[in-house]
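*Asks:* Input protein_26.txt, format and content: compact mmCIF, C-alpha atoms.
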```txt
# COMPACT_ATOMS: atom_id res chain seq x y z
CA MET A 1 -6.85 -7.63 -9.28
CA THR A 2 -6.26 -3.90 -9.42
CA ALA A 3 -3.67 -3.32 -6.72
CA ASP A 4 -0.32 -1.83 -7.65
CA PRO A 5 2.06 -3.32 -5.08
CA VAL A 6 5.59 -2.14 -4.47
CA SER A 7 7.89 -4.57 -2.70
CA PRO A 8 11.27 -2.87 -2.21
CA VAL A 9 13.00 -5.68 -0.30
CA PRO A 10 12.01 -8.96 1.34
CA ARG A 11 10.48 -8.47 4.77
CA SER A 12 11.37 -11.83 6.25
CA VAL A 13 13.91 -14.59 5.88
CA HIS A 14 12.42 -16.84 3.24
CA ARG A 15 12.38 -20.58 3.23
CA GLU A 16 14.23 -21.93 0.22
CA ALA A 17 11.75 -22.60 -2.56
CA PRO A 18 11.47 -26.16 -3.94
CA PRO A 19 13.47 -26.69 -7.16
CA ALA A 20 10.27 -27.00 -9.23
CA VAL A 21 9.06 -23.60 -8.00
CA THR A 22 12.46 -22.03 -8.63
CA ALA A 23 12.41 -23.36 -12.20
CA MET A 24 8.86 -22.09 -12.68
CA VAL A 25 9.78 -18.58 -11.52
CA ARG A 26 12.87 -18.53 -13.72
CA LEU A 27 10.73 -19.31 -16.78
CA ILE A 28 8.27 -16.57 -15.81
CA ARG A 29 10.97 -13.95 -15.29
CA ASP A 30 12.85 -14.84 -18.45
CA SER A 31 9.73 -14.72 -20.60
CA TRP A 32 8.58 -11.44 -19.03
CA ALA A 33 11.96 -9.86 -19.77
CA LYS A 34 11.26 -10.53 -23.47
CA ALA A 35 7.70 -9.18 -23.31
CA GLU A 36 8.16 -6.13 -21.07
CA PRO A 37 9.52 -3.81 -23.81
CA TYR A 38 6.13 -4.31 -25.50
CA LEU A 39 4.04 -3.60 -22.40
CA PRO A 40 1.56 -1.26 -24.21
CA GLU A 41 0.76 -4.00 -26.73
CA VAL A 42 0.46 -6.64 -23.98
CA THR A 43 -1.81 -4.32 -21.98
CA GLN A 44 -4.08 -3.51 -24.92
CA PHE A 45 -4.54 -7.18 -25.79
CA PHE A 46 -5.09 -8.10 -22.13
CA TYR A 47 -7.93 -5.64 -21.57
CA GLY A 48 -9.55 -6.44 -24.92
CA MET A 49 -9.57 -10.14 -24.09
CA LEU A 50 -10.69 -9.61 -20.48
CA PHE A 51 -13.69 -7.45 -21.43
CA THR A 52 -14.66 -9.96 -24.12
CA LEU A 53 -14.51 -12.94 -21.76
CA ALA A 54 -16.12 -11.17 -18.79
CA PRO A 55 -17.90 -7.95 -19.86
CA ALA A 56 -18.97 -7.22 -16.27
CA THR A 57 -15.32 -6.59 -15.30
CA ARG A 58 -15.40 -3.35 -17.34
CA ASP A 59 -17.29 -1.80 -14.43
CA PHE A 60 -14.33 -2.47 -12.11
CA PHE A 61 -12.20 0.07 -13.97
CA PRO A 62 -12.39 3.85 -14.52
CA ILE A 63 -14.30 5.16 -17.53
CA ASN A 64 -11.07 6.65 -18.88
CA MET A 65 -8.86 3.57 -19.25
CA GLU A 66 -5.87 5.80 -20.08
CA VAL A 67 -5.71 6.54 -16.36
CA GLN A 68 -5.35 2.82 -15.64
CA ARG A 69 -2.62 2.50 -18.28
CA ASN A 70 -0.37 -0.46 -17.51
CA ARG A 71 -0.97 -0.63 -13.76
CA MET A 72 -2.91 -3.88 -13.58
CA VAL A 73 -0.66 -5.87 -15.90
CA ARG A 74 2.46 -4.68 -14.07
CA ALA A 75 0.88 -5.57 -10.73
CA LEU A 76 -0.16 -9.01 -11.95
CA VAL A 77 3.28 -9.80 -13.29
CA HIS A 78 4.94 -8.48 -10.12
CA VAL A 79 2.83 -10.81 -7.99
CA VAL A 80 3.30 -13.78 -10.32
CA GLN A 81 7.07 -13.36 -10.02
CA MET A 82 6.85 -13.63 -6.23
CA VAL A 83 5.39 -17.15 -6.04
CA ASP A 84 8.71 -18.40 -4.70
CA GLN A 85 8.37 -16.02 -1.70
CA PRO A 86 5.29 -17.42 0.09
CA ASP A 87 6.10 -15.84 3.46
CA ASP A 88 5.63 -12.40 1.91
CA LEU A 89 3.18 -13.22 -0.84
CA VAL A 90 0.50 -15.31 0.87
CA PRO A 91 -0.50 -12.74 3.55
CA PHE A 92 -0.58 -10.03 0.88
CA LEU A 93 -2.73 -12.14 -1.47
CA ARG A 94 -5.18 -12.99 1.28
CA GLN A 95 -5.60 -9.30 2.06
CA LEU A 96 -5.98 -8.57 -1.64
CA GLY A 97 -8.64 -11.26 -1.98
CA ARG A 98 -10.67 -9.75 0.86
CA ASP A 99 -10.22 -6.27 -0.61
CA HIS A 100 -11.53 -7.33 -4.02
CA ARG A 101 -14.88 -8.31 -2.53
CA LYS A 102 -15.80 -4.64 -2.87
CA PHE A 103 -16.00 -5.13 -6.67
CA GLY A 104 -18.24 -8.20 -6.50
CA VAL A 105 -15.46 -10.40 -7.90
CA VAL A 106 -16.49 -14.04 -8.46
CA THR A 107 -14.60 -17.17 -9.54
CA GLY A 108 -15.31 -16.58 -13.22
CA HIS A 109 -13.61 -13.19 -13.07
CA TYR A 110 -10.37 -14.76 -11.79
CA GLU A 111 -10.50 -17.29 -14.62
CA ALA A 112 -11.02 -14.51 -17.17
CA VAL A 113 -8.07 -12.49 -15.82
CA GLY A 114 -5.78 -15.53 -15.97
CA THR A 115 -6.89 -16.46 -19.48
CA ALA A 116 -6.48 -12.88 -20.73
CA LEU A 117 -3.01 -12.53 -19.20
CA LEU A 118 -1.74 -15.77 -20.71
CA ALA A 119 -3.28 -14.97 -24.09
CA ALA A 120 -1.65 -11.54 -24.12
CA MET A 121 1.74 -13.02 -23.30
CA LYS A 122 1.36 -15.79 -25.89
CA THR A 123 0.43 -13.31 -28.62
CA GLN A 124 3.44 -11.09 -27.88
CA LEU A 125 6.05 -13.82 -27.40
CA GLY A 126 5.14 -15.98 -30.41
CA PRO A 127 7.60 -18.89 -30.70
CA ASP A 128 9.16 -18.02 -27.31
CA TRP A 129 5.84 -19.01 -25.68
CA THR A 130 6.65 -22.69 -25.21
CA ALA A 131 4.58 -25.35 -23.46
CA ASP A 132 6.86 -25.10 -20.41
CA VAL A 133 6.50 -21.31 -20.25
CA GLU A 134 2.71 -21.54 -20.53
CA ARG A 135 2.59 -24.16 -17.78
CA ALA A 136 4.71 -21.97 -15.48
CA TRP A 137 2.47 -18.93 -15.91
CA ALA A 138 -0.71 -20.99 -15.53
CA GLU A 139 0.48 -22.72 -12.35
CA ALA A 140 1.65 -19.46 -10.77
CA PHE A 141 -1.62 -17.68 -11.50
CA THR A 142 -3.60 -20.64 -10.14
CA ILE A 143 -1.71 -20.38 -6.84
CA ILE A 144 -2.44 -16.65 -6.65
CA ALA A 145 -6.14 -16.96 -7.50
CA ARG A 146 -6.67 -19.81 -5.03
CA GLN A 147 -5.25 -17.82 -2.11
CA MET A 148 -7.33 -14.76 -2.96
CA GLN A 149 -10.55 -16.72 -3.40
CA GLU A 150 -10.10 -18.68 -0.17
CA ALA A 151 -9.57 -15.46 1.80
CA ALA A 152 -12.60 -13.81 0.21
CA ALA A 153 -14.80 -16.83 0.95
CA THR A 154 -13.98 -16.82 4.67
CA ASP A 155 -14.35 -13.06 5.29
CA THR A 156 -17.45 -12.24 7.32
CA ASN A 157 -17.16 -8.42 7.13
CA PRO A 158 -19.17 -6.33 4.67
CA PRO A 159 -17.49 -6.07 1.25
CA ASN A 160 -17.33 -2.25 1.62
CA TRP A 161 -18.33 0.66 3.84
CA SER A 162 -19.59 4.19 3.14
CA ALA A 163 -18.64 7.37 5.01
CA ARG A 164 -19.70 10.99 4.62
CA VAL A 165 -17.20 13.88 4.58
CA ALA A 166 -17.77 15.97 7.71
CA GLU A 167 -14.80 18.33 7.30
CA HIS A 168 -12.35 19.35 4.60
CA ARG A 169 -9.55 21.67 5.70
CA ARG A 170 -6.54 22.84 3.68
CA LEU A 171 -3.35 22.56 5.74
CA SER A 172 -1.29 24.07 2.90
CA TRP A 173 -1.74 24.73 -0.81
CA ASP A 174 -1.19 21.04 -1.65
CA LEU A 175 -2.24 19.31 1.59
CA ALA A 176 -5.67 18.73 3.11
CA MET A 177 -7.17 17.07 6.17
CA ILE A 178 -10.38 15.16 5.52
CA ARG A 179 -12.57 13.93 8.39
CA LEU A 180 -15.29 11.40 7.63
CA GLU A 181 -18.14 9.84 9.56
CA PRO A 182 -18.95 6.26 8.45
CA GLU A 183 -22.42 4.78 8.38
CA GLN A 184 -21.07 1.68 10.15
CA HIS A 185 -18.00 1.24 12.32
CA ILE A 186 -14.97 0.21 10.21
CA PRO A 187 -12.96 -2.35 12.20
CA TYR A 188 -9.43 -1.22 11.42
CA ARG A 189 -6.35 -1.32 13.64
CA PRO A 190 -4.07 1.71 14.08
CA GLY A 191 -1.41 1.54 11.36
CA GLN A 192 -3.62 -0.18 8.79
CA TYR A 193 -4.75 1.38 5.51
CA LEU A 194 -7.95 1.27 3.46
CA SER A 195 -8.76 1.31 -0.24
CA VAL A 196 -10.83 4.40 -0.99
CA GLU A 197 -13.09 5.56 -3.84
CA VAL A 198 -14.12 9.22 -3.96
CA PRO A 199 -17.05 10.64 -5.99
CA GLN A 200 -14.78 12.98 -8.00
CA ARG A 201 -12.87 9.98 -9.41
CA PRO A 202 -15.23 6.96 -9.58
CA ARG A 203 -13.59 3.52 -9.92
CA LEU A 204 -10.12 4.96 -9.26
CA TRP A 205 -9.43 3.24 -5.94
CA ARG A 206 -6.44 4.40 -3.90
CA TYR A 207 -4.92 3.29 -0.59
CA LEU A 208 -5.05 5.77 2.30
CA SER A 209 -4.05 5.44 5.97
CA PRO A 210 -6.20 6.88 8.77
CA ALA A 211 -4.23 9.28 10.97
CA ASN A 212 -6.18 8.41 14.12
CA ALA A 213 -6.88 5.36 16.24
CA PRO A 214 -10.50 4.13 16.20
CA ARG A 215 -12.75 6.61 18.00
CA PRO A 216 -16.02 6.03 19.84
CA ASP A 217 -17.89 7.89 17.09
CA GLY A 218 -16.11 5.90 14.37
CA SER A 219 -14.80 9.01 12.59
CA LEU A 220 -11.72 8.79 10.37
CA GLU A 221 -9.13 11.46 9.57
CA PHE A 222 -6.93 11.40 6.48
CA HIS A 223 -4.05 13.66 5.43
CA ILE A 224 -3.78 13.90 1.65
CA ARG A 225 -1.06 15.64 -0.33
CA ALA A 226 -1.73 16.47 -3.99
CA ILE A 227 0.81 14.53 -6.03
CA GLU A 228 1.92 15.92 -9.38
CA GLY A 229 -0.04 14.00 -12.00
CA GLY A 230 -2.10 12.34 -9.27
CA TRP A 231 -5.69 12.15 -10.47
CA VAL A 232 -7.13 11.11 -7.12
CA SER A 233 -4.98 13.05 -4.66
CA ARG A 234 -5.41 16.33 -6.54
CA ALA A 235 -9.17 15.82 -6.74
CA ILE A 236 -9.38 15.16 -3.00
CA VAL A 237 -7.31 18.19 -2.01
CA SER A 238 -8.97 20.63 -4.42
CA HIS A 239 -12.56 19.46 -4.81
CA THR A 240 -13.73 17.51 -1.74
CA GLN A 241 -16.87 18.97 -0.19
CA PRO A 242 -18.65 18.26 3.11
CA GLY A 243 -21.41 15.77 2.40
CA ASP A 244 -19.40 13.83 -0.21
CA VAL A 245 -19.75 10.07 0.23
CA TRP A 246 -16.58 7.98 0.10
CA ARG A 247 -16.51 4.22 -0.27
CA PHE A 248 -13.99 2.04 1.59
CA GLY A 249 -12.71 -1.48 1.14
CA PRO A 250 -11.69 -3.63 4.12
CA PRO A 251 -8.71 -2.71 6.34
CA LEU A 252 -5.33 -3.91 5.09
CA GLY A 253 -1.75 -3.90 6.31
CA THR A 254 0.49 -5.27 9.01
CA LEU A 255 1.88 -2.18 10.75
CA GLY A 256 1.23 -2.03 14.48
CA VAL A 257 2.90 -1.80 17.88
CA ASP A 258 3.08 -4.88 20.09
CA ARG A 259 2.98 -3.46 23.61
CA GLU A 260 3.57 -6.88 25.15
CA SER A 261 6.72 -7.79 23.19
CA GLY A 262 9.18 -6.06 25.51
CA ARG A 263 10.87 -4.46 22.50
CA ASP A 264 11.22 -0.73 21.90
CA VAL A 265 9.96 0.77 18.65
CA LEU A 266 11.62 2.77 15.87
CA MET A 267 9.25 4.61 13.55
CA VAL A 268 10.50 6.15 10.30
CA ALA A 269 7.99 8.30 8.42
CA GLY A 270 8.30 10.47 5.33
CA GLY A 271 5.74 13.17 4.45
CA THR A 272 2.14 11.99 4.77
CA GLY A 273 3.56 8.56 5.64
CA VAL A 274 3.40 9.90 9.18
CA ALA A 275 -0.38 9.27 9.20
CA PRO A 276 -0.28 5.57 10.24
CA MET A 277 2.38 6.45 12.83
CA GLN A 278 0.05 9.10 14.25
CA ALA A 279 -2.71 6.52 14.47
CA MET A 280 -0.47 4.14 16.42
CA LEU A 281 0.76 6.92 18.71
CA ASP A 282 -2.85 8.01 19.22
CA GLU A 283 -3.64 4.55 20.52
CA LEU A 284 -0.50 4.33 22.68
CA GLY A 285 -1.42 7.67 24.25
CA GLN A 286 -4.35 5.90 25.93
CA TRP A 287 -1.94 3.89 28.10
CA GLY A 288 0.26 4.99 30.95
CA GLU A 289 3.15 2.66 30.17
CA ASN A 290 4.42 1.85 26.71
CA PRO A 291 7.56 0.68 24.94
CA LYS A 292 9.98 3.50 24.19
CA VAL A 293 9.20 4.91 20.75
CA HIS A 294 11.61 6.98 18.65
CA LEU A 295 9.98 8.60 15.62
CA PHE A 296 12.09 10.07 12.81
CA TYR A 297 9.80 12.30 10.78
CA GLY A 298 11.27 13.57 7.52
CA GLY A 299 10.60 15.74 4.50
CA ARG A 300 12.44 17.67 1.82
CA THR A 301 11.83 21.00 3.57
CA ARG A 302 10.51 22.25 6.91
CA GLU A 303 7.13 22.93 5.29
CA ASP A 304 6.70 19.21 4.57
CA LEU A 305 6.62 18.43 8.30
CA TYR A 306 3.03 19.56 8.73
CA ALA A 307 2.37 17.32 11.76
CA LEU A 308 5.51 18.24 13.70
CA GLU A 309 4.01 20.58 16.29
CA GLY A 310 1.29 18.10 17.21
CA LEU A 311 3.83 15.32 17.55
CA ARG A 312 6.07 17.48 19.74
CA MET A 313 3.12 18.27 22.00
CA LEU A 314 2.38 14.56 22.28
CA ALA A 315 6.01 13.85 23.15
CA SER A 316 6.03 16.57 25.83
CA CYS A 317 3.25 14.73 27.66
CA ASN A 318 4.57 11.19 27.13
CA PRO A 319 8.12 10.40 28.25
CA TRP A 320 8.13 7.16 26.23
CA LEU A 321 8.04 9.13 22.95
CA THR A 322 10.96 10.89 21.23
CA VAL A 323 10.38 12.80 17.98
CA THR A 324 13.29 13.77 15.72
CA PRO A 325 12.48 15.94 12.68
CA VAL A 326 14.62 15.37 9.59
CA VAL A 327 14.94 17.89 6.74
CA GLU A 328 16.80 17.24 3.50
CA ASN A 329 17.09 20.81 2.19
CA GLY A 330 17.09 24.29 3.68
CA PRO A 331 17.72 25.40 7.25
CA GLY A 332 17.75 22.75 9.93
CA LEU A 333 15.48 22.52 12.96
CA ALA A 334 16.16 22.71 16.65
CA SER A 335 16.66 19.20 18.02
CA GLY A 336 16.48 17.96 14.45
CA GLU A 337 18.71 16.34 11.85
CA GLN A 338 19.62 17.18 8.26
CA GLY A 339 19.80 14.66 5.41
CA THR A 340 17.63 11.89 4.08
CA LEU A 341 15.81 9.59 6.47
CA ALA A 342 18.00 6.72 5.27
CA ASP A 343 21.14 8.70 6.16
CA VAL A 344 19.93 9.94 9.51
CA VAL A 345 18.43 6.75 10.89
CA THR A 346 21.51 4.68 10.08
CA ARG A 347 23.79 7.20 11.81
CA TYR A 348 22.33 5.84 15.04
CA GLY A 349 23.45 2.29 14.24
CA ALA A 350 21.52 -0.93 13.60
CA TRP A 351 18.77 -0.46 16.22
CA PRO A 352 19.09 -3.88 17.84
CA GLY A 353 16.18 -4.95 20.00
CA HIS A 354 13.74 -2.61 18.21
CA ASP A 355 10.68 -3.24 16.09
CA VAL A 356 11.18 -1.01 13.04
CA LEU A 357 8.14 0.47 11.25
CA VAL A 358 8.65 2.39 8.00
CA SER A 359 6.03 4.41 6.10
CA GLY A 360 6.22 6.81 3.18
CA SER A 361 6.60 6.82 -0.58
CA PRO A 362 7.86 3.63 -2.26
CA ALA A 363 11.20 5.32 -3.03
CA MET A 364 11.61 6.41 0.59
CA ILE A 365 10.76 2.94 1.89
CA ARG A 366 13.15 1.30 -0.56
CA ALA A 367 16.05 3.60 0.31
CA THR A 368 15.54 3.49 4.08
CA VAL A 369 15.05 -0.25 4.42
CA SER A 370 17.96 -1.06 2.11
CA ARG A 371 20.32 1.23 4.04
CA MET A 372 19.19 -0.22 7.37
CA LEU A 373 19.91 -3.75 6.17
CA VAL A 374 23.41 -2.67 5.13
CA ALA A 375 23.84 -1.05 8.56
CA GLY A 376 23.09 -4.38 10.23
CA THR A 377 19.38 -4.19 11.07
CA ALA A 378 17.87 -7.67 10.87
CA LEU A 379 15.26 -8.44 8.23
CA ASP A 380 12.75 -9.70 10.73
CA GLN A 381 12.89 -6.42 12.68
CA ILE A 382 11.49 -4.34 9.81
CA ARG A 383 7.88 -3.93 8.70
CA TYR A 384 6.34 -1.75 6.02
CA ASP A 385 3.30 -1.93 3.78
CA PRO A 386 3.81 -2.01 0.00
CA PHE A 387 1.40 0.22 -1.87
CA THR A 388 1.65 3.19 -4.16
CA ILE A 389 0.76 6.68 -3.02
CA ASP A 390 -1.44 7.67 -5.97
```
I'd like the structure from this file rewritten - as structure tokens, please.
*Replies:*
Amino acid sequence: MTADPVSPVPRSVHREAPPAVTAMVRLIRDSWAKAEPYLPEVTQFFYGMLFTLAPATRDFFPINMEVQRNRMVRALVHVVQMVDQPDDLVPFLRQLGRDHRKFGVVTGHYEAVGTALLAAMKTQLGPDWTADVERAWAEAFTIIARQMQEAAATDTNPPNWSARVAEHRRLSWDLAMIRLEPEQHIPYRPGQYLSVEVPQRPRLWRYLSPANAPRPDGSLEFHIRAIEGGWVSRAIVSHTQPGDVWRFGPPLGTLGVDRESGRDVLMVAGGTGVAPMQAMLDELGQWGENPKVHLFYGGRTREDLYALEGLRMLASCNPWLTVTPVVENGPGLASGEQGTLADVVTRYGAWPGHDVLVSGSPAMIRATVSRMLVAGTALDQIRYDPFTID
């Protein structure tokens, strides 16, 4: 379990959890609050125990474990704390279980992860690790592992795919377009994302969204911005070469446009978060009639809106599409808005009758979705995918 999920707000109206589950989650959260200040110690013990119990799992992680730091433990705890939110958690876990097939994960590996996590917590908490607390953590992890294993067992797709870099083009000093040609067709839907491993950073898997709908030749296009301190993104932008072979896990994510719903669509994209929106618009462009789509595309400065001209050209040929650029700092744009995406989108009201799709950095998603809820947008209107950008 190496994902690093970010879940800014609930995405659906949850059923009330049974009292036993509520009590279990309360024990988990209370005990984690005591252990979290000692996360480095918990992490060190966890990995030491995991690699002792299941030495083969060492190959799932980068050679330099400093890069991994506390990501896995934080992700595990985050997921464990969500067991009272099955409407959100179960679909995510099932996707995660399918994704982890790329590592060759087997039942024994899940058992080793659970044992190592509980042992690390027990060692740190000492007398605060009571029988009830241990039972709560064990039951929650069992629920998580069962969902992931069941999804992995029923997946008939290959555990991973390979693709060769056909083109690497710098769009700016910190932004690159990468086009790849896979050996086999990757069955993704526009709006989904893929876990990716590049040869410059082996075992450091990251989630990236194709910027195009599936093509007859199967080629994929990605837009990658080098993030400060980002080991993978900086390597991709600066060092990718034609001929490099990338490895992909299975498609993940829930973003997509339902053309048959009768509802119009609001898209809110920040920076390279526009990529999945471009993929969905690419697919919609194949049809003569579509729902009305209003895309707010934002960045800190005008230079961040690297895809704007292409989007405006698409809108000029498709009356169902409206594109509004949004800039936080510097001079504004013609037919554009100034401010944050959260500010600008909510100036237009609550967007009743729209499907709302949000994509960007975790901070941007959190701010935009929270502001929209305050403005009156319904929870079940909004969709986003929780994953970190580097």
*Asks:* Excluding Ile224 in chain A and any residue of its chain fewer than 2 positions from it, enumerate the residues within 12 Å of it, using all atoms listed in the file, and give them as a ChimeraX atom specification.
*Replies:* /A:168-179,206-211,221-222,226-227,230,232-238,240,271-275,306,389-390
*Asks:* Range 212-217 of chain A: which residues within 10 Å, counting only C-alpha atoms, same-chain residues fewer than 2 positions away excluded, as a list in words?
*Replies:*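 Listing them by chain and then by number gives Glu181, Pro182, Gln184, His185, Ile186, Pro187, Tyr188, Arg189, Pro190, Gly191, Gln192, Ser209, Pro210, Ser219, Leu220, Glu221, Phe222, Ala275, Pro276, Met277, Gln278, Ala279, Met280, Leu281, Asp282, Glu283, Leu284 and Gly285 of chain A.
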*Asks:* Would you save the residues from that selection as a PDB file, keeping the file's coordinate frame, using C-alpha atoms?
*Replies:*
```pdb
ATOM      1  CA  GLU A 181     -18.140   9.840   9.560  1.00  0.00           C
ATOM      2  CA  PRO A 182     -18.950   6.260   8.450  1.00  0.00           C
ATOM      3  CA  GLN A 184     -21.070   1.680  10.150  1.00  0.00           C
ATOM      4  CA  HIS A 185     -18.000   1.240  12.320  1.00  0.00           C
ATOM      5  CA  ILE A 186     -14.970   0.210  10.210  1.00  0.00           C
ATOM      6  CA  PRO A 187     -12.960  -2.350  12.200  1.00  0.00           C
ATOM      7  CA  TYR A 188      -9.430  -1.220  11.420  1.00  0.00           C
ATOM      8  CA  ARG A 189      -6.350  -1.320  13.640  1.00  0.00           C
ATOM      9  CA  PRO A 190      -4.070   1.710  14.080  1.00  0.00           C
ATOM     10  CA  GLY A 191      -1.410   1.540  11.360  1.00  0.00           C
ATOM     11  CA  GLN A 192      -3.620  -0.180   8.790  1.00  0.00           C
ATOM     12  CA  SER A 209      -4.050   5.440   5.970  1.00  0.00           C
ATOM     13  CA  PRO A 210      -6.200   6.880   8.770  1.00  0.00           C
ATOM     14  CA  SER A 219     -14.800   9.010  12.590  1.00  0.00           C
ATOM     15  CA  LEU A 220     -11.720   8.790  10.370  1.00  0.00           C
ATOM     16  CA  GLU A 221      -9.130  11.460   9.570  1.00  0.00           C
ATOM     17  CA  PHE A 222      -6.930  11.400   6.480  1.00  0.00           C
ATOM     18  CA  ALA A 275      -0.380   9.270   9.200  1.00  0.00           C
ATOM     19  CA  PRO A 276      -0.280   5.570  10.240  1.00  0.00           C
ATOM     20  CA  MET A 277       2.380   6.450  12.830  1.00  0.00           C
ATOM     21  CA  GLN A 278       0.050   9.100  14.250  1.00  0.00           C
ATOM     22  CA  ALA A 279      -2.710   6.520  14.470  1.00  0.00           C
ATOM     23  CA  MET A 280      -0.470   4.140  16.420  1.00  0.00           C
ATOM     24  CA  LEU A 281       0.760   6.920  18.710  1.00  0.00           C
ATOM     25  CA  ASP A 282      -2.850   8.010  19.220  1.00  0.00           C
ATOM     26  CA  GLU A 283      -3.640   4.550  20.520  1.00  0.00           C
ATOM     27  CA  LEU A 284      -0.500   4.330  22.680  1.00  0.00           C
ATOM     28  CA  GLY A 285      -1.420   7.670  24.250  1.00  0.00           C
TER      29      GLY A 285
END
```
*Asks:* Could you tell me how far CA of Asp385 in chain A sits from CA of Ser359 in chain A, in Å to one decimal place?
*Replies:* 7.3 Å
*Asks:* May I ask which of the residues A:Ser361, A:Asn157, A:Gln81, A:Thr301 is the closest one to Tyr384 in chain A, counting all atoms listed in the file?
*Replies:*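 Of all the options, A:Ser361 lies closest to Tyr384 in chain A.
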*Asks:* Calculated over all atoms listed in the file, which of the candidates A:Val245, A:Pro362, A:Pro250, A:His223 has the smallest distance to Asp155 in chain A?
*Replies:* A:Pro250
*Asks:* Could you please give me, as a list in words, the residues of protein, DNA or RNA lying at most 8 Å from (-8.9, -15.6, -4.0) in the coordinate frame of the file, considering all atoms listed in the file?
*Replies:*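 It turns out the residues near that spot are Leu93, Arg94, Leu96, Gly97, Arg98, Tyr110, Ile144, Ala145, Arg146, Gln147, Met148, Gln149, Glu150, Ala151, Ala152 and Ala153 of chain A.
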*Asks:* How far is it from CA of Gly336 in chain A to CA of Gln381 in chain A, in Å with one decimal?
*Replies:*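 Separating CA of Gly336 in chain A from CA of Gln381 in chain A is a distance of 24.7 Å.
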*Asks:* Measuring atom to atom with all atoms listed in the file, identify which of A:Gly108, A:Phe103, A:Thr22, A:Leu39 is nearest to Arg74 in chain A.
*Replies:*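 Result for the nearest residue to Arg74 in chain A: A:Leu39.
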*Asks:* Report the distance between CA of Val374 in chain A and CA of Glu328 in chain A in Å, rounded to one decimal place.
*Replies:*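 Separation of CA of Val374 in chain A and CA of Glu328 in chain A: 21.0 Å.
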*Asks:* Kindly list the centre and edge lengths in Å, rounded to one decimal, for the axis-aligned box that covers all listed atoms of range 154-163 of chain A plus 6 Å on each of its six sides, as lines of an AutoDock Vina configuration file.
*Replies:*
```
center_x = -16.8
center_y = -4.7
center_z = 4.3
size_x = 17.6
size_y = 36.2
size_z = 18.1
```
*Asks:* Return the single residue from A:Met49, A:Val257, A:Asp304, A:Gln286 that is closest to Arg225 in chain A, with distances computed using all atoms listed in the file.
*Replies:*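 Answer, going by the shortest atom-to-atom distance: A:Asp304.
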*Asks:* I need the residue nearest His78 in chain A from this list: A:Val356, A:Ile63, A:Arg29, A:Gly376. Use only C-alpha atoms for the distance.
*Replies:*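 Among the listed residues, the smallest separation from His78 in chain A belongs to A:Arg29.
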*Asks:* Determine the nearest neighbour of Ser162 in chain A from the options A:Phe45, A:Trp205, A:Trp129, A:Trp246, counting only C-alpha atoms.
*Replies:*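 Nearest candidate to Ser162 in chain A out of A:Phe45, A:Trp205, A:Trp129, A:Trp246: A:Trp246.
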*Asks:* List every protein, DNA or RNA residue that has an atom no more than 12 Å from (23.6, 2.8, 14.7) in the file's coordinate frame, counting all atoms listed in the file, and report them as a compact mmCIF listing (two decimals) with C-alpha atoms, in the frame of the given file.
*Replies:*
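Saved the output as part-v9.txt:
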```txt
# COMPACT_ATOMS: atom_id res chain seq x y z
CA ALA A 342 18.00 6.72 5.27
CA ASP A 343 21.14 8.70 6.16
CA VAL A 344 19.93 9.94 9.51
CA VAL A 345 18.43 6.75 10.89
CA THR A 346 21.51 4.68 10.08
CA ARG A 347 23.79 7.20 11.81
CA TYR A 348 22.33 5.84 15.04
CA GLY A 349 23.45 2.29 14.24
CA ALA A 350 21.52 -0.93 13.60
CA TRP A 351 18.77 -0.46 16.22
CA PRO A 352 19.09 -3.88 17.84
CA GLY A 353 16.18 -4.95 20.00
CA HIS A 354 13.74 -2.61 18.21
CA ARG A 371 20.32 1.23 4.04
CA MET A 372 19.19 -0.22 7.37
CA LEU A 373 19.91 -3.75 6.17
CA VAL A 374 23.41 -2.67 5.13
CA ALA A 375 23.84 -1.05 8.56
CA GLY A 376 23.09 -4.38 10.23
CA THR A 377 19.38 -4.19 11.07
```
